[in-house]
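A.B. asks: Please find run-v3.cif (mmCIF, C-alpha atoms) on the next line:
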data_structure
loop_
_atom_site.label_atom_id
_atom_site.label_comp_id
_atom_site.auth_asym_id
_atom_site.auth_seq_id
_atom_site.Cartn_x
_atom_site.Cartn_y
_atom_site.Cartn_z
CA MET A 1 12.65 -69.90 -134.84
CA ARG A 2 10.14 -67.16 -135.74
CA VAL A 3 9.23 -67.20 -139.41
CA ALA A 4 8.60 -63.83 -141.02
CA ILE A 5 5.55 -63.44 -143.27
CA LEU A 6 6.72 -61.69 -146.41
CA PRO A 7 4.53 -59.31 -148.40
CA LEU A 8 3.69 -60.65 -151.83
CA THR A 9 5.57 -57.75 -153.42
CA LEU A 10 8.78 -58.75 -151.64
CA ILE A 11 8.37 -62.38 -152.68
CA HIS A 12 7.86 -61.20 -156.25
CA LEU A 13 11.01 -59.08 -155.97
CA LEU A 14 13.04 -62.06 -154.76
CA LEU A 15 11.78 -64.25 -157.58
CA THR A 16 12.55 -61.52 -160.11
CA ALA A 17 16.07 -61.12 -158.74
CA SER A 18 16.65 -64.86 -158.97
CA ALA A 19 15.43 -64.88 -162.58
CA PHE A 20 17.74 -61.97 -163.36
CA LEU A 21 20.70 -63.85 -161.91
CA HIS A 22 19.82 -66.88 -164.01
CA SER A 23 19.46 -64.90 -167.25
CA SER A 24 22.66 -62.95 -166.58
CA ALA A 25 24.58 -66.17 -166.02
CA LEU A 26 23.27 -67.56 -169.28
CA SER A 27 23.89 -64.47 -171.43
CA SER A 28 27.17 -62.97 -170.21
CA PRO A 29 30.66 -64.45 -170.17
CA LEU A 30 32.13 -64.86 -166.69
CA ARG A 31 35.71 -63.89 -165.97
CA THR A 32 36.46 -66.93 -163.86
CA HIS A 33 37.84 -69.33 -166.41
CA SER A 34 41.54 -69.04 -165.59
CA THR A 35 40.96 -69.09 -161.82
CA LEU A 36 38.71 -72.13 -161.88
CA GLN A 37 40.94 -73.90 -164.37
CA TYR A 38 44.00 -73.32 -162.18
CA ARG A 39 42.09 -74.57 -159.12
CA LEU A 40 41.07 -77.76 -160.92
CA VAL A 41 44.60 -78.40 -162.21
CA HIS A 42 46.11 -77.76 -158.79
CA GLN A 43 43.52 -79.81 -156.94
CA TYR A 44 43.74 -82.88 -159.16
CA ASN A 45 47.53 -82.85 -159.24
CA GLN A 46 47.74 -82.30 -155.49
CA ARG A 47 45.42 -85.25 -154.89
CA SER A 48 47.50 -87.44 -157.18
CA ASN A 49 50.75 -86.41 -155.49
CA ASP A 50 49.31 -86.95 -152.03
CA ASP A 51 47.95 -90.47 -152.26
CA GLY A 52 47.98 -91.79 -155.83
CA SER A 53 44.21 -91.61 -156.02
CA LYS A 54 42.63 -93.13 -159.10
CA CYS A 55 40.26 -90.18 -159.40
CA HIS A 56 42.99 -88.17 -161.10
CA VAL A 57 42.92 -85.93 -164.13
CA ASP A 58 46.42 -85.02 -165.30
CA GLU A 59 47.45 -81.45 -166.04
CA ASP A 60 47.00 -81.77 -169.79
CA ALA A 61 43.46 -83.07 -169.33
CA ALA A 62 42.60 -80.39 -166.80
CA GLU A 63 44.01 -77.66 -169.03
CA ALA A 64 41.69 -78.92 -171.76
CA ILE A 65 38.58 -78.19 -169.71
CA ASP A 66 36.03 -76.71 -172.04
CA PHE A 67 35.39 -73.03 -171.41
CA GLN A 68 31.64 -73.57 -171.53
CA ASP A 69 31.86 -76.19 -168.76
CA VAL A 70 33.66 -73.71 -166.55
CA ILE A 71 31.04 -71.06 -167.29
CA GLN A 72 28.37 -73.60 -166.36
CA ASN A 73 30.05 -74.15 -162.98
CA SER A 74 30.09 -70.40 -162.42
CA ARG A 75 26.42 -70.10 -163.36
CA ARG A 76 25.67 -72.82 -160.85
CA ASN A 77 27.41 -70.85 -158.10
CA ILE A 78 25.45 -67.69 -159.00
CA LEU A 79 22.18 -69.59 -158.87
CA ARG A 80 23.13 -71.07 -155.49
CA SER A 81 23.65 -67.53 -154.20
CA GLY A 82 20.24 -66.52 -155.55
CA VAL A 83 18.60 -69.47 -153.81
CA SER A 84 20.36 -68.53 -150.56
CA TRP A 85 18.94 -65.00 -150.75
CA MET A 86 15.46 -66.35 -151.42
CA ILE A 87 15.63 -68.79 -148.50
CA GLY A 88 16.93 -65.97 -146.33
CA GLY A 89 13.98 -63.80 -147.28
CA ILE A 90 11.49 -66.55 -146.52
CA ILE A 91 12.86 -67.13 -143.01
CA GLY A 92 13.27 -63.42 -142.33
CA THR A 93 17.03 -63.10 -142.81
CA THR A 94 19.56 -62.20 -145.46
CA PRO A 95 23.09 -63.62 -145.84
CA SER A 96 24.49 -60.55 -144.06
CA SER A 97 22.13 -60.79 -141.10
CA ALA A 98 21.46 -64.52 -140.85
CA SER A 99 22.48 -66.57 -137.87
CA ALA A 100 25.70 -68.57 -138.02
CA SER A 101 23.77 -71.80 -138.52
CA TYR A 102 21.91 -70.39 -141.53
CA LYS A 103 24.96 -68.85 -143.14
CA SER A 104 26.67 -72.26 -143.04
CA LYS A 105 24.22 -73.83 -145.50
CA THR A 106 24.54 -74.32 -149.26
CA VAL A 107 22.94 -76.46 -151.95
CA SER A 108 24.78 -79.47 -153.35
CA LEU A 109 24.56 -80.47 -157.00
CA SER A 110 22.06 -83.15 -156.03
CA GLY A 111 19.76 -80.37 -154.77
CA ARG A 112 20.16 -81.17 -151.08
CA ILE A 113 20.86 -78.51 -148.43
CA VAL A 114 24.23 -79.26 -146.82
CA ASP A 115 26.70 -77.56 -144.48
CA GLN A 116 28.69 -74.85 -146.24
CA ILE A 117 32.22 -75.60 -145.12
CA GLU A 118 35.34 -76.69 -146.94
CA PRO A 119 35.55 -80.41 -146.13
CA ASP A 120 38.49 -81.67 -144.09
CA GLU A 121 39.34 -85.30 -144.84
CA ARG A 122 40.89 -86.02 -141.46
CA LYS A 123 37.95 -84.52 -139.54
CA ILE A 124 35.51 -86.57 -141.60
CA TYR A 125 37.39 -89.78 -140.82
CA THR A 126 37.64 -88.84 -137.15
CA GLU A 127 33.89 -88.33 -136.90
CA ALA A 128 33.24 -91.62 -138.65
CA LEU A 129 35.64 -93.41 -136.27
CA ASN A 130 34.33 -91.73 -133.14
CA GLY A 131 31.01 -93.51 -133.09
CA PRO A 132 29.87 -95.65 -130.16
CA GLY A 133 32.07 -98.56 -129.11
CA GLY A 134 35.46 -97.01 -128.39
CA THR A 135 38.50 -97.17 -130.66
CA HIS A 136 38.68 -100.95 -131.05
CA LYS A 137 36.69 -100.89 -134.27
CA ARG A 138 36.81 -102.92 -137.44
CA VAL A 139 37.37 -100.40 -140.23
CA LEU A 140 37.07 -100.98 -143.98
CA TRP A 141 39.11 -98.57 -146.09
CA ILE A 142 37.92 -98.83 -149.70
CA GLY A 143 40.11 -97.62 -152.56
CA SER A 144 43.38 -97.62 -150.64
CA GLY A 145 45.45 -97.31 -153.84
CA THR A 146 49.16 -96.96 -153.14
CA MET A 147 48.51 -96.98 -149.35
CA ASN A 148 49.92 -93.45 -149.05
CA GLY A 149 46.73 -92.33 -147.32
CA VAL A 150 48.11 -94.01 -144.20
CA TYR A 151 50.56 -91.14 -143.76
CA LYS A 152 47.73 -88.62 -143.38
CA ASN A 153 47.08 -90.11 -139.92
CA LEU A 154 43.45 -90.82 -140.72
CA PHE A 155 43.13 -93.85 -138.42
CA GLN A 156 43.28 -94.27 -134.66
CA ALA A 157 45.14 -96.42 -132.17
CA GLY A 158 43.19 -99.61 -131.58
CA ASN A 159 41.59 -99.71 -135.05
CA GLU A 160 41.70 -102.89 -137.10
CA VAL A 161 41.86 -101.54 -140.65
CA THR A 162 41.23 -103.64 -143.75
CA ALA A 163 42.36 -101.87 -146.92
CA VAL A 164 40.64 -102.98 -150.13
CA ASP A 165 41.43 -102.19 -153.74
CA LEU A 166 41.04 -103.90 -157.09
CA VAL A 167 44.80 -103.70 -157.68
CA SER A 168 47.36 -104.70 -155.08
CA PRO A 169 49.90 -102.04 -154.04
CA GLU A 170 53.61 -102.64 -154.49
CA VAL A 171 55.07 -104.85 -151.79
CA GLU A 172 57.48 -102.17 -150.58
CA GLY A 173 54.70 -99.62 -150.21
CA LEU A 174 52.43 -102.08 -148.43
CA ASN A 175 55.17 -103.14 -146.01
CA ALA A 176 56.01 -99.52 -145.21
CA ALA A 177 52.35 -98.62 -144.62
CA THR A 178 51.82 -101.67 -142.41
CA ALA A 179 54.88 -100.79 -140.34
CA TYR A 180 53.71 -97.17 -140.03
CA ALA A 181 50.31 -98.36 -138.80
CA ALA A 182 51.94 -100.62 -136.21
CA ASP A 183 54.05 -97.71 -134.98
CA HIS A 184 50.82 -95.77 -134.48
CA LYS A 185 49.24 -98.67 -132.59
CA TYR A 186 46.63 -99.87 -135.06
CA HIS A 187 46.54 -102.96 -137.27
CA LEU A 188 46.49 -102.64 -141.07
CA HIS A 189 46.21 -105.37 -143.66
CA PHE A 190 45.36 -105.39 -147.36
CA GLU A 191 42.86 -107.53 -149.25
CA GLN A 192 42.48 -107.39 -153.01
CA GLY A 193 38.82 -107.10 -153.92
CA ASP A 194 36.09 -105.57 -156.06
CA ALA A 195 34.08 -102.83 -154.33
CA THR A 196 31.01 -103.71 -156.41
CA ASN A 197 30.96 -107.24 -154.98
CA MET A 198 32.89 -107.39 -151.73
CA ASN A 199 33.78 -110.71 -150.16
CA PHE A 200 32.62 -109.78 -146.66
CA ALA A 201 29.60 -110.95 -144.71
CA ASP A 202 26.73 -108.61 -143.91
CA GLY A 203 27.38 -106.40 -140.91
CA THR A 204 31.12 -107.07 -140.69
CA TYR A 205 32.47 -103.56 -140.11
CA ASP A 206 31.92 -100.80 -137.58
CA VAL A 207 33.16 -98.12 -139.98
CA VAL A 208 33.68 -97.81 -143.74
CA VAL A 209 35.67 -94.93 -145.26
CA CYS A 210 36.75 -93.87 -148.74
CA SER A 211 38.37 -90.86 -150.38
CA MET A 212 38.24 -89.80 -154.04
CA PHE A 213 37.05 -93.27 -154.96
CA LEU A 214 33.40 -93.16 -156.02
CA CYS A 215 34.25 -91.30 -159.26
CA GLN A 216 35.56 -94.42 -160.98
CA ASP A 217 34.12 -96.39 -163.88
CA PHE A 218 31.52 -98.37 -161.96
CA ASN A 219 27.97 -97.91 -160.77
CA ALA A 220 28.45 -95.84 -157.62
CA GLU A 221 25.03 -96.85 -156.30
CA VAL A 222 26.09 -100.51 -156.38
CA VAL A 223 29.27 -99.71 -154.43
CA VAL A 224 27.43 -97.60 -151.83
CA SER A 225 24.85 -100.38 -151.43
CA GLU A 226 27.70 -102.82 -150.78
CA ILE A 227 29.11 -100.41 -148.20
CA LYS A 228 25.77 -100.31 -146.41
CA ARG A 229 25.53 -104.10 -146.53
CA VAL A 230 28.90 -104.72 -144.86
CA LEU A 231 28.31 -102.07 -142.17
CA LYS A 232 26.96 -103.16 -138.81
CA PRO A 233 23.66 -101.62 -137.73
CA GLY A 234 24.64 -98.25 -136.29
CA GLY A 235 27.96 -98.33 -138.15
CA ARG A 236 29.24 -95.21 -139.87
CA PHE A 237 30.31 -94.45 -143.42
CA GLY A 238 32.69 -91.51 -143.94
CA PHE A 239 33.27 -90.22 -147.47
CA TYR A 240 35.43 -87.52 -149.04
CA GLU A 241 34.71 -87.23 -152.75
CA HIS A 242 34.86 -84.85 -155.69
CA VAL A 243 31.71 -86.24 -157.30
CA GLU A 244 29.76 -83.20 -156.17
CA ASP A 245 26.33 -84.83 -156.36
CA ILE A 246 27.35 -88.13 -154.72
CA ASP A 247 25.21 -87.26 -151.69
CA GLY A 248 22.23 -87.82 -153.97
CA ILE A 249 23.23 -91.49 -154.14
CA ILE A 250 24.62 -91.96 -150.63
CA VAL A 251 21.79 -90.18 -148.83
CA GLY A 252 19.02 -89.97 -151.40
CA LYS A 253 19.10 -93.54 -152.73
CA VAL A 254 20.91 -95.81 -150.25
CA PHE A 255 21.23 -94.65 -146.64
CA GLY A 256 18.29 -92.21 -146.41
CA GLU A 257 17.88 -88.75 -144.95
CA ARG A 258 17.61 -90.02 -141.37
CA SER A 259 21.12 -91.42 -141.67
CA VAL A 260 22.89 -88.08 -142.00
CA ILE A 261 25.28 -87.00 -139.29
CA ARG A 262 26.67 -84.30 -141.56
CA VAL A 263 27.33 -83.57 -145.22
CA GLN A 264 29.69 -80.73 -146.14
CA ALA A 265 30.52 -78.83 -149.31
CA TYR A 266 31.80 -75.41 -150.33
CA PRO A 267 31.31 -75.43 -154.12
CA GLU A 268 32.55 -71.86 -154.55
CA MET A 269 35.94 -72.87 -153.11
CA VAL A 270 36.61 -76.55 -153.76
CA ASN A 271 35.14 -79.40 -155.84
CA VAL A 272 34.75 -81.73 -152.87
CA ILE A 273 31.75 -83.05 -150.96
CA ALA A 274 32.20 -85.05 -147.79
CA GLY A 275 30.21 -86.40 -144.91
CA VAL A 276 29.34 -89.09 -142.41
CA VAL A 277 26.19 -91.21 -142.41
CA VAL A 278 25.04 -93.92 -140.04
CA ASN A 279 23.59 -97.28 -141.04
CA LYS A 280 20.05 -97.11 -139.66
CA VAL A 281 18.11 -100.35 -139.98
#
Is it possible to express this structure as structure tokens?
C.D. replies:
Amino acid sequence: MRVAILPLTLIHLLLTASAFLHSSALSSPLRTHSTLQYRLVHQYNQRSNDDGSKCHVDEDAAEAIDFQDVIQNSRRNILRSGVSWMIGGIIGTTPSSASASYKSKTVSLSGRIVDQIEPDERKIYTEALNGPGGTHKRVLWIGSGTMNGVYKNLFQAGNEVTAVDLVSPEVEGLNAATAYAADHKYHLHFEQGDATNMNFADGTYDVVVCSMFLCQDFNAEVVVSEIKRVLKPGGRFGFYEHVEDIDGIIVGKVFGERSVIRVQAYPEMVNVIAGVVVNKV
């Protein structure tokens, strides 16, 4: 890729524009409160209705979101746009003229550059499961909750899936999920356990997956370190989370930058970050 050499005046202009965006975001109210508030309410309730996830804020709590917090989220999006324009200027493009690969980038809350795309939970799981070794993989599903995630068809025929959660699901729900898995030609069983101290040997699983789980009241770095420990060398971890800076822990502190297959976020549209990393040892 040919890198354009910018005149100092243009660089100064870009920096000035970015500073203007920052000061405007800090000084003027943004008319996005009701839209963002509705999106948060809808998203959290939809997640709860879909799979009983523990990372759930009820409607009353979501409606009580402080206006200043919402403004802060909007400021963050403005600043991301300013950074995108600056990066575009440095590499000789602007958002309107950049290549498709450049336009697909954004900045996560951890400060990392990630793919700008609305994450798709099923696609993330599929990529995690499609690593080397065929479909006969040992899969650890952490934070299985009510087991309703089974009905999203996230797993593949031939998988041997171990579902783990601190609280056991109801017997009826577990039996129904197990039968559904058998009908779709993979094996599913549940083990009660603590994600911060899992009772599995090192290198037990080919794949580990979790959704809307790492937001709970524990040290997420400890849980992610446990995930890395139980993964085989070359195994994959797929995550779909609404802790928007969780990549800073998964990639930045535990797995490392070389581990990334992809990390996706679209902060202007949805409060989700997702990705797949590989256990490089």
A.B. asks: Using only C-alpha atoms, which residue out of A:Val272, A:Asp115, A:Ser225, A:Ser259 lies closest to Glu241 of chain A?
C.D. replies: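 Nearest candidate to Glu241 of chain A out of A:Val272, A:Asp115, A:Ser225, A:Ser259: A:Val272.
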A.B. asks: Please determine, counting only C-alpha atoms, which residue among A:Gly173, A:Gly248, A:Gly158, A:Gly256 has the shortest atom-to-atom distance to Gly111 of chain A.
C.D. replies: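 Comparing A:Gly173, A:Gly248, A:Gly158, A:Gly256 against Gly111 of chain A, the winner is A:Gly248.
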A.B. asks: Restricting the calculation to all atoms listed in the file: of A:Val114, A:Arg262, A:Ile273, A:Glu268, which residue gets closest to Val243 of chain A?
C.D. replies: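 Closest residue, counting all atoms listed in the file: A:Ile273.
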A.B. asks: Write out as a list in words the residues lying within 9 Å of Asp245 of chain A, counting only C-alpha atoms and excluding same-chain residues fewer than 4 positions away.
C.D. replies: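 The residues that qualify are Ser108, Leu109, Ser110, Gly111, Arg112, Ile249 and Ile273 of chain A.
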A.B. asks: Identify all residues satisfying the PyMOL selection byres ((chain A and resi 224) around 9) in the given file; provide them as a list in words.
C.D. replies: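 On this input, the PyMOL selection byres ((chain A and resi 224) around 9) captures Ala195, Thr196, Leu214, Asn219, Ala220, Glu221, Val222, Val223, Ser225, Glu226, Ile227, Lys228, Arg229, Ile249, Ile250, Val254 and Phe255 of chain A.
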A.B. asks: Suppose you want the space between atom CA of Ile113 of chain A and atom CA of Gln216 of chain A; what is it in Å?
C.D. replies: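 Result for atom CA of Ile113 of chain A versus atom CA of Gln216 of chain A: 25.0 Å, one decimal.
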